[in-house]
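Visitor: One structure, as structure tokens, below. Some questions next.
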Amino acid sequence: MSRTPVLDADAALTTRATALRRALHYEWRHLQALRSTWILLGAIAVLGLIAGLTIVVGLAPGAAPSSWSMVTAFEFDAVSMQLPLSALLLLPVATGPIATELTRGTARTTWLTLASRRTAFAAKLIVGGGLGAMTALGGALLVALSAMTALAVTGRAQPNWDQALPGLLGYTLFMTCWPVIAASVVSLFRNRVAAALMLILWPLLGERLAGVLLGLVPGGEALAGRLPFGAARAAMAAGADTLPEADRGLVEALVGSDLSAGAGAAVFVGFTMVMAALGAWSYIKKDAR
């Protein structure tokens, strides 16, 4: 007598933790398989080595670089450029997974193979944020190692590395949040070019213009100094208090925010969470093209 197969319902169930782990594994393998990922990370690595080796330029014999110069090297001149150069280089990788899915319609396949759209979006944000953090720490390590070597070879003193740690922490926090914001903006705009322009122009120009306009409104001056990317620069400018007064004033003008490093970090993390929530809403509720 033939037996009728019976589906084991318990065996077919997948927990949320298992589904998320599988989604994380897929997203990580996907990033590893892209040639563009390694090209961009390689460019950041080369820039890190150059930033460390050139730290001796202009130093007097036997002198040590300032802690602020080390912070600037770690962050790829984030305050002067308004964004770290590493963040701009990481932008294609940060926007790629969601932009490709939504514009090419392949998101439907992802939604069929994962437990939920929420799981898919969470995996993309977690992997992107992890890649940003590893990029920041790996690049900073290369800067430190190359700087140590250059200083030792040229007979110059080592800086106070511990004074550069707060700035490095702010930079790592920014680079962790940056891919989350980028992915969320792509999810909202559903257009890679429009999202990239927004992510570049808003921190560089948009917030400055918004700050000027807010300054014209009674009581708006306080809000103008608490815009998200100005707050992020305040977090990355930790350690600027070691500069001479004239140089400190220039850094504060470039930062564009009167927040402390801790308050700036809190504002930027809060902004990232809001953007992630909006991006998740768009990704979950709207269908791919």
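The way I read the labels, and the way they are meant: chains A, B, ... in the order of the structure tokens, residue 1 as the first residue of every chain, and ligand 1 as the first ligand shown, with later ones counted on from there.
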Residues of range 158-212 of chain A that approach range 124-146 of chain A to 9 Å or less, counting only C-alpha atoms: could you list each one with the shortest pair of atoms and its distance in Å to one decimal, rows by chain and increasing residue number, as a Markdown table?
Guide:
```
| residue | atom | partner | partner_atom | distance |
| --- | --- | --- | --- | --- |
| A:Trp161 | CA | A:Ala144 | CA | 8.9 |
| A:Leu168 | CA | A:Ala140 | CA | 7.7 |
| A:Tyr171 | CA | A:Ala136 | CA | 7.0 |
| A:Thr172 | CA | A:Ala136 | CA | 5.4 |
| A:Leu173 | CA | A:Ala133 | CA | 7.3 |
| A:Phe174 | CA | A:Ala133 | CA | 8.4 |
| A:Met175 | CA | A:Gly132 | CA | 4.8 |
| A:Thr176 | CA | A:Gly129 | CA | 4.4 |
| A:Cys177 | CA | A:Gly129 | CA | 6.1 |
| A:Trp178 | CA | A:Gly132 | CA | 7.2 |
| A:Pro179 | CA | A:Gly128 | CA | 5.3 |
| A:Val180 | CA | A:Leu125 | CA | 5.2 |
| A:Ile181 | CA | A:Leu125 | CA | 8.7 |
| A:Ala183 | CA | A:Leu125 | CA | 7.0 |
| A:Ser184 | CA | A:Leu125 | CA | 8.4 |
```
Visitor: List the neighbours of Ala237 in chain A out to 10 Å using only C-alpha atoms; skip same-chain residues closer than 3 positions along the sequence, and give me the result as a ChimeraX atom specification.
Guide: /A:68,71-72,75,78-79,166-168,170-171,231-234,240-241,251-252,254-255,260-261,264
Visitor: From the options A:Ala235, A:Trp202, A:Val185, A:Leu165, which residue's atoms come nearest to Val274 in chain A, counting only C-alpha atoms?
Guide: A:Val185
Visitor: Could you work out how far CA of Arg190 in chain A lies from CA of Pro203 in chain A, giving the answer in Å with one decimal?
Guide: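 For CA of Pro203 in chain A relative to CA of Arg190 in chain A, the distance reads 19.9 Å.
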Visitor: What are the closest atom pairs, with distances in Å to one decimal, for all residues of range 59-91 of chain A lying within 10 Å of range 42-55 of chain A? Consider only C-alpha atoms, order rows by chain and residue number, and present the result as CSV.
Guide:
```
residue,atom,partner,partner_atom,distance
A:Leu59,CA,A:Ile55,CA,8.0
A:Ala64,CA,A:Ile55,CA,9.7
A:Pro65,CA,A:Ile55,CA,7.2
A:Ser66,CA,A:Ile55,CA,9.8
A:Ser69,CA,A:Ile55,CA,7.7
A:Met70,CA,A:Ile55,CA,7.8
A:Thr72,CA,A:Ala51,CA,9.1
A:Ala73,CA,A:Ala51,CA,5.6
A:Phe74,CA,A:Gly48,CA,7.6
A:Glu75,CA,A:Gly48,CA,9.3
A:Phe76,CA,A:Ala51,CA,7.6
A:Asp77,CA,A:Ala51,CA,9.7
A:Leu85,CA,A:Ile44,CA,8.5
A:Ser86,CA,A:Ile44,CA,6.1
A:Ala87,CA,A:Ile44,CA,9.5
A:Leu89,CA,A:Ile44,CA,7.5
A:Leu90,CA,A:Ile44,CA,8.8
```
